[in-house]
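Student: Just dropping this structure here.
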Amino acid sequence: MRRQTGLVLLLGLLACGGCGKQKSTDDLIADLKSGKDDEAGVAARNLPRGKDDAEKVVPALIEALTHSANDVRRSSALKLGVFGEQAKDAIPALLKAEENDGDARVREAAGIALSRIDPKRFPNPSKVGKGGANRKGSARQRDRG
């Protein structure tokens, strides 16, 4: 019986060996830039969102808006929105994604991010009208200035 208990405890420790190990911001940015879809998507969602992190994280997320994987682009856009005003440098890239991305979910995420970064200039897409925020010739595209 004692042997079984020891074996169970050992297996539990081995199974949880990676539990609690968190990657650093630099490691997550490296994963985001790696080009590997799974790692990059997880990294985009797990990057920190504190004010002190914006200087490092925002440029990496802007770059990730051109990643080949839809999920990475969508996650990156949404994370940029979390930074709010600190992600103002992302506005041109988000406008491009909102207008031109081939995935409707990415276009929607870009619109949401824009509304969180500069709500006066980019009202919430759901309040603009029925899907108008993501269509060519929309009010948002005309109000790019």
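Please note that chains go A, B, ... in the order of the structure tokens, that every chain numbers its residues from 1, and that ligands are numbered from 1 in the order shown.
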With a distance cut-off of 7 Å and only C-alpha atoms, select the neighbouring residues of Leu114 of chain A, excluding the residue or stretch itself and same-chain residues fewer than 6 positions from it, and output the selection as a compact mmCIF listing (two decimals) with C-alpha atoms, in the first residue's frame.
Tutor:
```txt
# COMPACT_ATOMS: atom_id res chain seq x y z
CA GLY A 81 -7.87 46.59 -27.73
CA ILE A 91 -4.60 52.19 -35.41
CA LEU A 94 -6.03 47.72 -37.30
CA PHE A 122 -14.13 54.75 -33.73
```
Student: May I have the residues within 7 Å of segment 63-71 of chain A as a PyMOL selection string, using only C-alpha atoms and disregarding those fewer than 2 positions away in the same chain?
Tutor: chain A and resi 37+41+59-61+73-77+103+106
Student: From the list A:Val72, A:Ala97, A:Leu32, A:Leu80, which residue is nearest Ala54 of chain A when using only C-alpha atoms?
Tutor: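 Closest to Ala54 of chain A of all the choices is A:Leu80.
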Student: Of the residues A:Pro48, A:Gly111, A:Pro92, A:Pro123, which is the one nearest to Leu78 of chain A, using only C-alpha atoms?
Tutor: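 Counting only C-alpha atoms, the residue closest to Leu78 of chain A is A:Gly111.
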Student: Report, in Å to a single decimal, how far apart atom CA of Arg121 of chain A and atom CA of Asn100 of chain A are.
Tutor: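 Between atom CA of Asn100 of chain A and atom CA of Arg121 of chain A the gap works out to 19.5 Å.
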Student: Please, which residues of segment 32-114 of chain A, numbered as in this document, come out helix (DSSP H, G or I) from DSSP, as a PyMOL selection string?
Tutor: chain A and resi 32-33+37-46+51-64+70-82+84-100+104-114
Student: Which value, in Å to one decimal, gives the distance between atom CA of Asp26 of chain A and atom CA of Gly102 of chain A?
Tutor: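 The value is 29.4 Å.
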Student: Just the number, please: distance in Å from atom CA of Asp27 of chain A to atom CA of Ile112 of chain A, one decimal.
Tutor: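 For atom CA of Asp27 of chain A relative to atom CA of Ile112 of chain A, the distance reads 26.9 Å.
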Student: Between A:Ala110, A:Ala40, A:Ala104, A:Val58, which has the minimum distance to Ala87 of chain A (counting only C-alpha atoms)?
Tutor: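 Looking at the shortest contact to Ala87 of chain A, the residue is A:Val58.
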Student: Considering only C-alpha atoms, can you say which of A:Lys23, A:Asn124, A:Phe83, A:Pro119 comes closest to Arg49 of chain A?
Tutor: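 Using only C-alpha atoms, the shortest distance to Arg49 of chain A belongs to A:Phe83.
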Student: Can you pull out the residues contacting Glu85 of chain A? Cut-off 8 Å, using only C-alpha atoms, and skip same-chain residues under 3 positions away; I want them as a list in words.
Tutor: Lys88, Arg116, Ile117 and Asp118 of chain A
